[in-house]
Amino acid sequence: MSQLTGNRIRITAGKLGLPHLAETINEFTRRADEAKMGYLDFLDLVLSEELAVREDRRFRSGLRTSKLPHHKTLDEYDFSFQPDLDPRKIKDLATLSFVEAKANAALLGPPGVGKTHIAVALAVAACRAGYSIYFTTLDDIVRSLKTAEAAGRLVNKLGTYLRPSVLVVDEVGYQPLERAEANLVFQVISKRYEKGSIILTSNKTFGEWGQVFGDEVLATAILDRLLHHCEVVSINGNSCRLKNRLQAIERDTDVA
């Protein structure tokens, strides 16, 4: 390929919004020459690599706007420390069929068992699959919506929690809500019903949600919509955080 032709391709690729091709056309042609590729094979190589770069860029952008506290994966989760948790249930969730069906997933259990880790891992998988995601805590939802309501911007702020394909709601039940606060949460749950997925974590059983939301009737209405299409996973093992802390103390002791 002549230098003139290469420059022309780079300019055209830039105009078409194909920056990776513009930067790597010489590398592509070298690989094509070495492999003695036909025209269609060469075109397939170029388009496949451009798509992969574009998907990776979209994935990284999605993670940046997701507000995820970290980007852990299921491969990093220690299932051996939670022998009562069937890994197959989590791996079934990781297929994202519940997201495709606009259903929900609820991870229940005491603090420290890895609920947030699994929720984040599922969200990362959903982001890689092309779904938009957003992470928040129940307290943050309530705080943000109360502030927006006081400023007359409630409808606009609700969009933050309604737009994403997957909304991750962490720490449901750590702080009891007043009825007015619970009603704001109900608006999010009801407006997302059968329109988008929710992944939530809670340290409370569903039977205790009446206390969490300060009203049995309102809690029942929330659960009715949330659980109609929902995969529920209970994790009732030991605290992973406590295990990691004890291991760190043991390492420090050994070093000392």
# chains A, B, ... in the order shown; residues from 1 in each chain; ligands from 1
>>> residues_around(residues="Tyr193 (chain A)", least_positions_apart="6", cutoff="12 Å", atoms="only C-alpha atoms", output="ChimeraX atom specification")
/A:101-104,162,165-167,186-187,221-230
>>> select_by_dssp(residues="region 13-226 of chain A", states="strand (DSSP E)", output="list in words")
Asn104, Ala105, Ala106, Leu107, Leu108, Ile133, Tyr134, Phe135, Thr136, Thr137, Val166, Leu167, Val168, Val169, Asp170, Glu171, Val172, Ser197, Ile198, Ile199, Leu200, Thr201 and Ser202 of chain A
>>> residues_around(residues="Ile11 (chain A)", least_positions_apart="4", cutoff="8 Å", atoms="only C-alpha atoms", output="MDAnalysis selection string")
chainID A and resid 7 15 22
>>> write_last_selection(atoms="all heavy atoms", output="PDB file, in the first residue's frame")
ATOM      1  N   ASN A   7      -2.537   7.523   3.585  1.00  0.00           N
ATOM      2  CA  ASN A   7      -2.987   8.824   4.111  1.00  0.00           C
ATOM      3  C   ASN A   7      -4.453   9.074   3.760  1.00  0.00           C
ATOM      4  O   ASN A   7      -5.217   9.607   4.562  1.00  0.00           O
ATOM      5  CB  ASN A   7      -2.127   9.948   3.532  1.00  0.00           C
ATOM      6  CG  ASN A   7      -0.721   9.946   4.117  1.00  0.00           C
ATOM      7  OD1 ASN A   7      -0.506   9.439   5.214  1.00  0.00           O
ATOM      8  ND2 ASN A   7       0.226  10.518   3.386  1.00  0.00           N
ATOM      9  N   LYS A  15     -13.092  10.728   9.038  1.00  0.00           N
ATOM     10  CA  LYS A  15     -14.386  11.336   8.716  1.00  0.00           C
ATOM     11  C   LYS A  15     -15.544  10.392   9.032  1.00  0.00           C
ATOM     12  O   LYS A  15     -16.642  10.835   9.365  1.00  0.00           O
ATOM     13  CB  LYS A  15     -14.411  11.731   7.238  1.00  0.00           C
ATOM     14  CG  LYS A  15     -13.503  12.899   6.887  1.00  0.00           C
ATOM     15  CD  LYS A  15     -13.579  13.240   5.402  1.00  0.00           C
ATOM     16  CE  LYS A  15     -12.709  14.434   5.066  1.00  0.00           C
ATOM     17  NZ  LYS A  15     -12.757  14.761   3.609  1.00  0.00           N
ATOM     18  N   ALA A  22      -7.955   4.558  11.564  1.00  0.00           N
ATOM     19  CA  ALA A  22      -7.077   5.642  11.123  1.00  0.00           C
ATOM     20  C   ALA A  22      -5.691   5.523  11.742  1.00  0.00           C
ATOM     21  O   ALA A  22      -4.683   5.847  11.113  1.00  0.00           O
ATOM     22  CB  ALA A  22      -7.700   6.994  11.484  1.00  0.00           C
TER      23      ALA A  22
END
>>> closest_residue(among="A:Asn183, A:Ser48, A:Asn203, A:Ser197", to="Tyr161 (chain A)", atoms="only C-alpha atoms")
A:Ser197
>>> residues_around(residues="Leu154 (chain A)", least_positions_apart="5", cutoff="12 Å", atoms="only C-alpha atoms", output="compact mmCIF listing (two decimals) with N, CA, C and O atoms, in the first residue's frame")
# COMPACT_ATOMS: atom_id res chain seq x y z
N ILE A 141 -30.86 7.53 47.49
CA ILE A 141 -32.08 7.77 46.71
C ILE A 141 -33.02 8.69 47.48
O ILE A 141 -33.52 9.68 46.94
N VAL A 142 -33.25 8.35 48.73
CA VAL A 142 -34.17 9.14 49.56
C VAL A 142 -33.66 10.57 49.72
O VAL A 142 -34.42 11.54 49.55
N ARG A 143 -32.38 10.72 50.01
CA ARG A 143 -31.80 12.05 50.21
C ARG A 143 -31.91 12.89 48.94
O ARG A 143 -32.32 14.06 48.98
N SER A 144 -31.58 12.29 47.82
CA SER A 144 -31.61 13.02 46.54
C SER A 144 -33.03 13.41 46.15
O SER A 144 -33.28 14.53 45.69
N LEU A 145 -33.96 12.49 46.33
CA LEU A 145 -35.34 12.78 45.93
C LEU A 145 -35.99 13.81 46.85
O LEU A 145 -36.77 14.65 46.39
N LYS A 146 -35.66 13.76 48.15
CA LYS A 146 -36.21 14.76 49.07
C LYS A 146 -35.69 16.15 48.71
O LYS A 146 -36.46 17.13 48.71
N THR A 147 -34.42 16.24 48.39
CA THR A 147 -33.84 17.52 48.00
C THR A 147 -34.48 18.05 46.72
O THR A 147 -34.82 19.23 46.59
N ALA A 148 -34.65 17.13 45.75
CA ALA A 148 -35.26 17.52 44.48
C ALA A 148 -36.72 17.94 44.65
O ALA A 148 -37.18 18.90 44.04
N GLU A 149 -37.43 17.22 45.50
CA GLU A 149 -38.84 17.55 45.74
C GLU A 149 -38.97 18.93 46.36
O GLU A 149 -39.85 19.72 45.98
N GLY A 159 -35.80 10.72 36.94
CA GLY A 159 -35.21 10.20 35.72
C GLY A 159 -33.85 9.55 35.94
O GLY A 159 -33.47 8.62 35.21
N THR A 160 -33.11 10.03 36.93
CA THR A 160 -31.81 9.45 37.25
C THR A 160 -31.94 7.96 37.56
O THR A 160 -31.07 7.16 37.21
N TYR A 161 -33.05 7.61 38.22
CA TYR A 161 -33.25 6.22 38.65
C TYR A 161 -34.14 5.43 37.71
O TYR A 161 -34.26 4.21 37.85
N LEU A 184 -41.45 8.03 48.31
CA LEU A 184 -40.55 8.39 47.22
C LEU A 184 -39.90 7.14 46.62
O LEU A 184 -39.75 7.02 45.40
N GLN A 187 -42.29 5.35 44.39
CA GLN A 187 -42.41 5.92 43.05
C GLN A 187 -41.35 5.36 42.11
O GLN A 187 -41.62 5.08 40.95
N VAL A 188 -40.13 5.18 42.63
CA VAL A 188 -39.06 4.61 41.81
C VAL A 188 -39.39 3.16 41.45
O VAL A 188 -39.29 2.77 40.28
>>> residues_around(residues="region 113-120 of chain A", least_positions_apart="4", cutoff="8 Å", atoms="only C-alpha atoms", output="NGL selection string")
:A and (68 or 70-74 or 77 or 82 or 90 or 107-109 or 124 or 168 or 170 or 199-201 or 235-241)
>>> write_last_selection(atoms="N, CA, C and O atoms", output="short mmCIF file (atom, residue, chain, number, x, y, z; two decimals), in the first residue's frame")
data_model
loop_
_atom_site.label_atom_id
_atom_site.label_comp_id
_atom_site.auth_asym_id
_atom_site.auth_seq_id
_atom_site.Cartn_x
_atom_site.Cartn_y
_atom_site.Cartn_z
N LEU A 68 -20.52 2.98 40.31
CA LEU A 68 -20.16 1.77 41.04
C LEU A 68 -19.01 2.06 41.99
O LEU A 68 -18.05 2.75 41.63
N HIS A 70 -16.78 0.00 43.06
CA HIS A 70 -15.62 -0.74 42.57
C HIS A 70 -16.07 -1.57 41.38
O HIS A 70 -17.26 -1.57 41.04
N HIS A 71 -15.15 -2.24 40.73
CA HIS A 71 -15.49 -2.99 39.52
C HIS A 71 -15.15 -4.47 39.68
O HIS A 71 -14.51 -5.07 38.82
N LYS A 72 -15.56 -5.06 40.78
CA LYS A 72 -15.27 -6.46 41.04
C LYS A 72 -16.09 -7.39 40.13
O LYS A 72 -17.15 -7.02 39.65
N THR A 73 -15.55 -8.59 39.92
CA THR A 73 -16.22 -9.58 39.09
C THR A 73 -16.55 -10.81 39.92
O THR A 73 -16.07 -10.97 41.05
N LEU A 74 -17.35 -11.70 39.36
CA LEU A 74 -17.70 -12.93 40.07
C LEU A 74 -16.50 -13.84 40.24
O LEU A 74 -16.45 -14.64 41.18
N TYR A 77 -15.06 -13.51 43.61
CA TYR A 77 -15.89 -13.84 44.78
C TYR A 77 -15.50 -15.22 45.30
O TYR A 77 -15.42 -16.18 44.54
N GLN A 82 -18.68 -19.33 51.43
CA GLN A 82 -20.13 -19.35 51.64
C GLN A 82 -20.68 -20.68 51.12
O GLN A 82 -21.32 -20.74 50.08
N ILE A 90 -25.96 -17.91 41.22
CA ILE A 90 -25.32 -16.64 40.84
C ILE A 90 -24.92 -16.68 39.37
O ILE A 90 -25.06 -15.69 38.65
N LEU A 107 -30.59 -9.72 46.72
CA LEU A 107 -29.56 -10.43 47.47
C LEU A 107 -29.73 -10.09 48.93
O LEU A 107 -29.56 -8.94 49.34
N LEU A 108 -30.10 -11.09 49.73
CA LEU A 108 -30.42 -10.87 51.13
C LEU A 108 -29.40 -11.58 52.02
O LEU A 108 -28.91 -12.66 51.69
N GLY A 109 -29.11 -10.97 53.17
CA GLY A 109 -28.20 -11.60 54.11
C GLY A 109 -27.59 -10.59 55.06
O GLY A 109 -27.71 -9.37 54.85
N VAL A 124 -21.50 -5.01 36.40
CA VAL A 124 -20.37 -4.92 35.47
C VAL A 124 -20.63 -5.80 34.25
O VAL A 124 -20.38 -5.41 33.11
N VAL A 168 -28.94 -0.51 40.51
CA VAL A 168 -28.46 -1.25 41.69
C VAL A 168 -28.76 -0.42 42.93
O VAL A 168 -28.28 0.71 43.06
N ASP A 170 -28.28 -0.50 46.84
CA ASP A 170 -27.54 -1.16 47.90
C ASP A 170 -28.05 -0.73 49.28
O ASP A 170 -28.62 0.35 49.43
N ILE A 199 -31.38 -4.46 40.85
CA ILE A 199 -30.60 -5.39 41.67
C ILE A 199 -30.47 -4.74 43.04
O ILE A 199 -29.94 -3.63 43.14
N LEU A 200 -30.98 -5.38 44.07
CA LEU A 200 -30.90 -4.77 45.39
C LEU A 200 -30.24 -5.70 46.40
O LEU A 200 -30.25 -6.92 46.24
N THR A 201 -29.65 -5.08 47.41
CA THR A 201 -29.10 -5.85 48.53
C THR A 201 -29.78 -5.38 49.81
O THR A 201 -30.09 -4.19 49.95
N ILE A 235 -28.01 -15.19 51.36
CA ILE A 235 -26.63 -15.55 51.72
C ILE A 235 -26.52 -15.45 53.24
O ILE A 235 -26.54 -14.35 53.79
N ASN A 236 -26.43 -16.56 53.89
CA ASN A 236 -26.49 -16.57 55.35
C ASN A 236 -25.22 -17.13 55.98
O ASN A 236 -25.25 -17.82 56.99
N GLY A 237 -24.08 -16.84 55.37
CA GLY A 237 -22.81 -17.36 55.86
C GLY A 237 -22.07 -16.37 56.74
O GLY A 237 -22.64 -15.45 57.32
N ASN A 238 -20.75 -16.56 56.79
CA ASN A 238 -19.90 -15.72 57.61
C ASN A 238 -19.51 -14.44 56.86
O ASN A 238 -19.66 -14.34 55.65
N SER A 239 -18.99 -13.49 57.60
CA SER A 239 -18.62 -12.21 57.03
C SER A 239 -17.30 -12.31 56.28
O SER A 239 -16.27 -12.65 56.87
N CYS A 240 -17.33 -11.98 54.98
CA CYS A 240 -16.10 -11.95 54.18
C CYS A 240 -15.19 -10.83 54.65
O CYS A 240 -13.96 -10.99 54.67
N ARG A 241 -15.77 -9.71 55.02
CA ARG A 241 -14.95 -8.58 55.48
C ARG A 241 -14.20 -8.95 56.76
O ARG A 241 -13.03 -8.62 56.92
#
>>> residues_around(residues="region 56-66 of chain A", least_positions_apart="5", cutoff="9 Å", atoms="only C-alpha atoms", output="list in words")
Leu51, His71, Ala123, Val124, Cys127, Arg128, Ala129, Gly130, Tyr131, Ser132, Ile133, Tyr134, Phe135 and Thr136 of chain A
>>> write_last_selection(atoms="N, CA and C atoms", output="short mmCIF file (atom, residue, chain, number, x, y, z; two decimals), in the first residue's frame")
data_model
loop_
_atom_site.label_atom_id
_atom_site.label_comp_id
_atom_site.auth_asym_id
_atom_site.auth_seq_id
_atom_site.Cartn_x
_atom_site.Cartn_y
_atom_site.Cartn_z
N LEU A 51 -14.95 -2.70 15.84
CA LEU A 51 -16.09 -2.95 16.72
C LEU A 51 -15.64 -3.26 18.13
N HIS A 71 -15.15 -2.24 40.73
CA HIS A 71 -15.49 -2.99 39.52
C HIS A 71 -15.15 -4.47 39.68
N ALA A 123 -23.71 -6.06 37.76
CA ALA A 123 -23.83 -4.79 37.06
C ALA A 123 -22.71 -4.61 36.04
N VAL A 124 -21.50 -5.01 36.40
CA VAL A 124 -20.37 -4.92 35.47
C VAL A 124 -20.63 -5.80 34.25
N CYS A 127 -23.14 -4.13 32.08
CA CYS A 127 -22.52 -3.02 31.35
C CYS A 127 -21.73 -3.54 30.16
N ARG A 128 -20.99 -4.60 30.35
CA ARG A 128 -20.22 -5.17 29.25
C ARG A 128 -21.14 -5.69 28.15
N ALA A 129 -22.32 -6.14 28.54
CA ALA A 129 -23.28 -6.65 27.56
C ALA A 129 -24.03 -5.54 26.83
N GLY A 130 -23.77 -4.29 27.22
CA GLY A 130 -24.38 -3.18 26.51
C GLY A 130 -25.52 -2.49 27.24
N TYR A 131 -25.83 -2.92 28.47
CA TYR A 131 -26.90 -2.29 29.23
C TYR A 131 -26.37 -1.10 30.02
N SER A 132 -27.18 -0.07 30.16
CA SER A 132 -26.81 1.06 31.01
C SER A 132 -27.08 0.70 32.46
N ILE A 133 -26.19 1.14 33.35
CA ILE A 133 -26.33 0.78 34.77
C ILE A 133 -26.11 2.01 35.65
N TYR A 134 -26.66 1.94 36.85
CA TYR A 134 -26.47 3.02 37.82
C TYR A 134 -26.52 2.42 39.22
N PHE A 135 -25.52 2.76 40.04
CA PHE A 135 -25.42 2.24 41.40
C PHE A 135 -25.74 3.35 42.40
N THR A 136 -26.51 2.99 43.43
CA THR A 136 -26.80 3.93 44.50
C THR A 136 -27.17 3.14 45.75
#
>>> residues_around(residues="Leu96 (chain A)", least_positions_apart="3", cutoff="9 Å", atoms="only C-alpha atoms", output="NGL selection string")
:A and (92-93 or 99-101 or 122 or 125-126 or 129)
>>> closest_residue(among="A:Glu181, A:Glu194, A:Glu171, A:Glu27", to="Ala219 (chain A)", atoms="only C-alpha atoms")
A:Glu181
>>> select_by_dssp(residues="region 7-217 of chain A", states="helix (DSSP H, G or I)", output="PyMOL selection string")
chain A and resi 7-15+19-35+39-65+74-76+79-81+87-94+97-100+115-128+138-150+154-162+179-192+206-212+216-217
>>> closest_residue(among="A:Asp75, A:Ile198, A:Ala13, A:Thr220", to="Pro87 (chain A)", atoms="only C-alpha atoms")
A:Asp75
>>> atom_distance(atom1="CA of Thr137 (chain A)", atom2="CA of Val172 (chain A)")
7.3 Å
>>> closest_residue(among="A:Asp78, A:Asp215, A:Glu23, A:Asp86", to="Glu50 (chain A)", atoms="only C-alpha atoms")
A:Glu23
>>> atom_distance(atom1="CA of Lys89 (chain A)", atom2="CA of Val233 (chain A)")
7.6 Å
>>> decode(residues="region 77-112 of chain A", atoms="N, CA and C atoms", output="mmCIF file, in the first residue's frame")
data_model
loop_
_atom_site.group_PDB
_atom_site.id
_atom_site.type_symbol
_atom_site.label_atom_id
_atom_site.label_comp_id
_atom_site.auth_asym_id
_atom_site.auth_seq_id
_atom_site.Cartn_x
_atom_site.Cartn_y
_atom_site.Cartn_z
ATOM 1 N N TYR A 77 -15.063 -13.507 43.614
ATOM 2 C CA TYR A 77 -15.887 -13.836 44.785
ATOM 3 C C TYR A 77 -15.504 -15.221 45.304
ATOM 4 N N ASP A 78 -15.311 -15.324 46.614
ATOM 5 C CA ASP A 78 -14.895 -16.588 47.236
ATOM 6 C C ASP A 78 -16.139 -17.405 47.623
ATOM 7 N N PHE A 79 -16.603 -18.217 46.685
ATOM 8 C CA PHE A 79 -17.782 -19.045 46.964
ATOM 9 C C PHE A 79 -17.484 -20.102 48.021
ATOM 10 N N SER A 80 -16.223 -20.509 48.154
ATOM 11 C CA SER A 80 -15.877 -21.542 49.131
ATOM 12 C C SER A 80 -16.106 -21.059 50.559
ATOM 13 N N PHE A 81 -16.113 -19.737 50.761
ATOM 14 C CA PHE A 81 -16.331 -19.197 52.097
ATOM 15 C C PHE A 81 -17.815 -19.136 52.440
ATOM 16 N N GLN A 82 -18.683 -19.334 51.426
ATOM 17 C CA GLN A 82 -20.132 -19.348 51.641
ATOM 18 C C GLN A 82 -20.679 -20.681 51.123
ATOM 19 N N PRO A 83 -20.424 -21.785 51.837
ATOM 20 C CA PRO A 83 -20.799 -23.115 51.338
ATOM 21 C C PRO A 83 -22.302 -23.310 51.147
ATOM 22 N N ASP A 84 -23.117 -22.518 51.847
ATOM 23 C CA ASP A 84 -24.572 -22.654 51.695
ATOM 24 C C ASP A 84 -25.097 -21.930 50.455
ATOM 25 N N LEU A 85 -24.255 -21.134 49.822
ATOM 26 C CA LEU A 85 -24.655 -20.411 48.617
ATOM 27 C C LEU A 85 -24.304 -21.242 47.391
ATOM 28 N N ASP A 86 -25.314 -21.600 46.612
ATOM 29 C CA ASP A 86 -25.100 -22.396 45.405
ATOM 30 C C ASP A 86 -24.556 -21.493 44.298
ATOM 31 N N PRO A 87 -23.316 -21.693 43.866
ATOM 32 C CA PRO A 87 -22.737 -20.842 42.813
ATOM 33 C C PRO A 87 -23.568 -20.843 41.531
ATOM 34 N N ARG A 88 -24.299 -21.927 41.298
ATOM 35 C CA ARG A 88 -25.091 -22.009 40.071
ATOM 36 C C ARG A 88 -26.175 -20.941 40.030
ATOM 37 N N LYS A 89 -26.713 -20.581 41.195
ATOM 38 C CA LYS A 89 -27.750 -19.538 41.223
ATOM 39 C C LYS A 89 -27.172 -18.190 40.776
ATOM 40 N N ILE A 90 -25.957 -17.906 41.222
ATOM 41 C CA ILE A 90 -25.323 -16.643 40.843
ATOM 42 C C ILE A 90 -24.920 -16.679 39.374
ATOM 43 N N LYS A 91 -24.406 -17.813 38.929
ATOM 44 C CA LYS A 91 -24.003 -17.925 37.523
ATOM 45 C C LYS A 91 -25.216 -17.835 36.597
ATOM 46 N N ASP A 92 -26.361 -18.324 37.063
ATOM 47 C CA ASP A 92 -27.590 -18.165 36.279
ATOM 48 C C ASP A 92 -27.945 -16.684 36.152
ATOM 49 N N LEU A 93 -27.788 -15.938 37.247
ATOM 50 C CA LEU A 93 -28.040 -14.505 37.198
ATOM 51 C C LEU A 93 -27.057 -13.821 36.243
ATOM 52 N N ALA A 94 -25.836 -14.329 36.208
ATOM 53 C CA ALA A 94 -24.799 -13.717 35.369
ATOM 54 C C ALA A 94 -25.073 -13.891 33.873
ATOM 55 N N THR A 95 -26.005 -14.760 33.511
ATOM 56 C CA THR A 95 -26.405 -14.853 32.105
ATOM 57 C C THR A 95 -27.213 -13.628 31.689
ATOM 58 N N LEU A 96 -27.700 -12.870 32.687
ATOM 59 C CA LEU A 96 -28.445 -11.623 32.482
ATOM 60 C C LEU A 96 -29.805 -11.842 31.834
ATOM 61 N N SER A 97 -30.324 -13.049 31.922
ATOM 62 C CA SER A 97 -31.658 -13.293 31.370
ATOM 63 C C SER A 97 -32.704 -12.478 32.130
ATOM 64 N N PHE A 98 -32.471 -12.238 33.423
ATOM 65 C CA PHE A 98 -33.429 -11.429 34.195
ATOM 66 C C PHE A 98 -33.397 -9.973 33.737
ATOM 67 N N VAL A 99 -32.235 -9.505 33.313
ATOM 68 C CA VAL A 99 -32.132 -8.132 32.805
ATOM 69 C C VAL A 99 -32.854 -8.020 31.471
ATOM 70 N N GLU A 100 -32.664 -9.006 30.626
ATOM 71 C CA GLU A 100 -33.341 -9.013 29.336
ATOM 72 C C GLU A 100 -34.852 -9.012 29.516
ATOM 73 N N ALA A 101 -35.329 -9.712 30.568
ATOM 74 C CA ALA A 101 -36.761 -9.800 30.835
ATOM 75 C C ALA A 101 -37.274 -8.619 31.659
ATOM 76 N N LYS A 102 -36.374 -7.668 31.984
ATOM 77 C CA LYS A 102 -36.729 -6.501 32.815
ATOM 78 C C LYS A 102 -37.264 -6.941 34.180
ATOM 79 N N ALA A 103 -36.666 -8.030 34.694
ATOM 80 C CA ALA A 103 -37.003 -8.545 36.015
ATOM 81 C C ALA A 103 -35.968 -8.043 37.029
ATOM 82 N N ASN A 104 -36.087 -8.503 38.270
ATOM 83 C CA ASN A 104 -35.236 -8.007 39.343
ATOM 84 C C ASN A 104 -34.439 -9.132 39.994
ATOM 85 N N ALA A 105 -33.457 -8.748 40.796
ATOM 86 C CA ALA A 105 -32.685 -9.702 41.587
ATOM 87 C C ALA A 105 -32.491 -9.105 42.973
ATOM 88 N N ALA A 106 -32.740 -9.914 44.007
ATOM 89 C CA ALA A 106 -32.602 -9.456 45.385
ATOM 90 C C ALA A 106 -31.595 -10.344 46.105
ATOM 91 N N LEU A 107 -30.594 -9.724 46.721
ATOM 92 C CA LEU A 107 -29.562 -10.431 47.466
ATOM 93 C C LEU A 107 -29.727 -10.091 48.934
ATOM 94 N N LEU A 108 -30.101 -11.093 49.726
ATOM 95 C CA LEU A 108 -30.418 -10.874 51.129
ATOM 96 C C LEU A 108 -29.403 -11.575 52.024
ATOM 97 N N GLY A 109 -29.115 -10.972 53.170
ATOM 98 C CA GLY A 109 -28.203 -11.600 54.114
ATOM 99 C C GLY A 109 -27.594 -10.585 55.063
ATOM 100 N N PRO A 110 -26.924 -11.064 56.106
ATOM 101 C CA PRO A 110 -26.310 -10.158 57.084
ATOM 102 C C PRO A 110 -25.137 -9.390 56.474
ATOM 103 N N PRO A 111 -24.674 -8.361 57.164
ATOM 104 C CA PRO A 111 -23.557 -7.564 56.635
ATOM 105 C C PRO A 111 -22.300 -8.408 56.426
ATOM 106 N N GLY A 112 -21.570 -8.072 55.361
ATOM 107 C CA GLY A 112 -20.262 -8.670 55.155
ATOM 108 C C GLY A 112 -20.197 -9.954 54.364
#
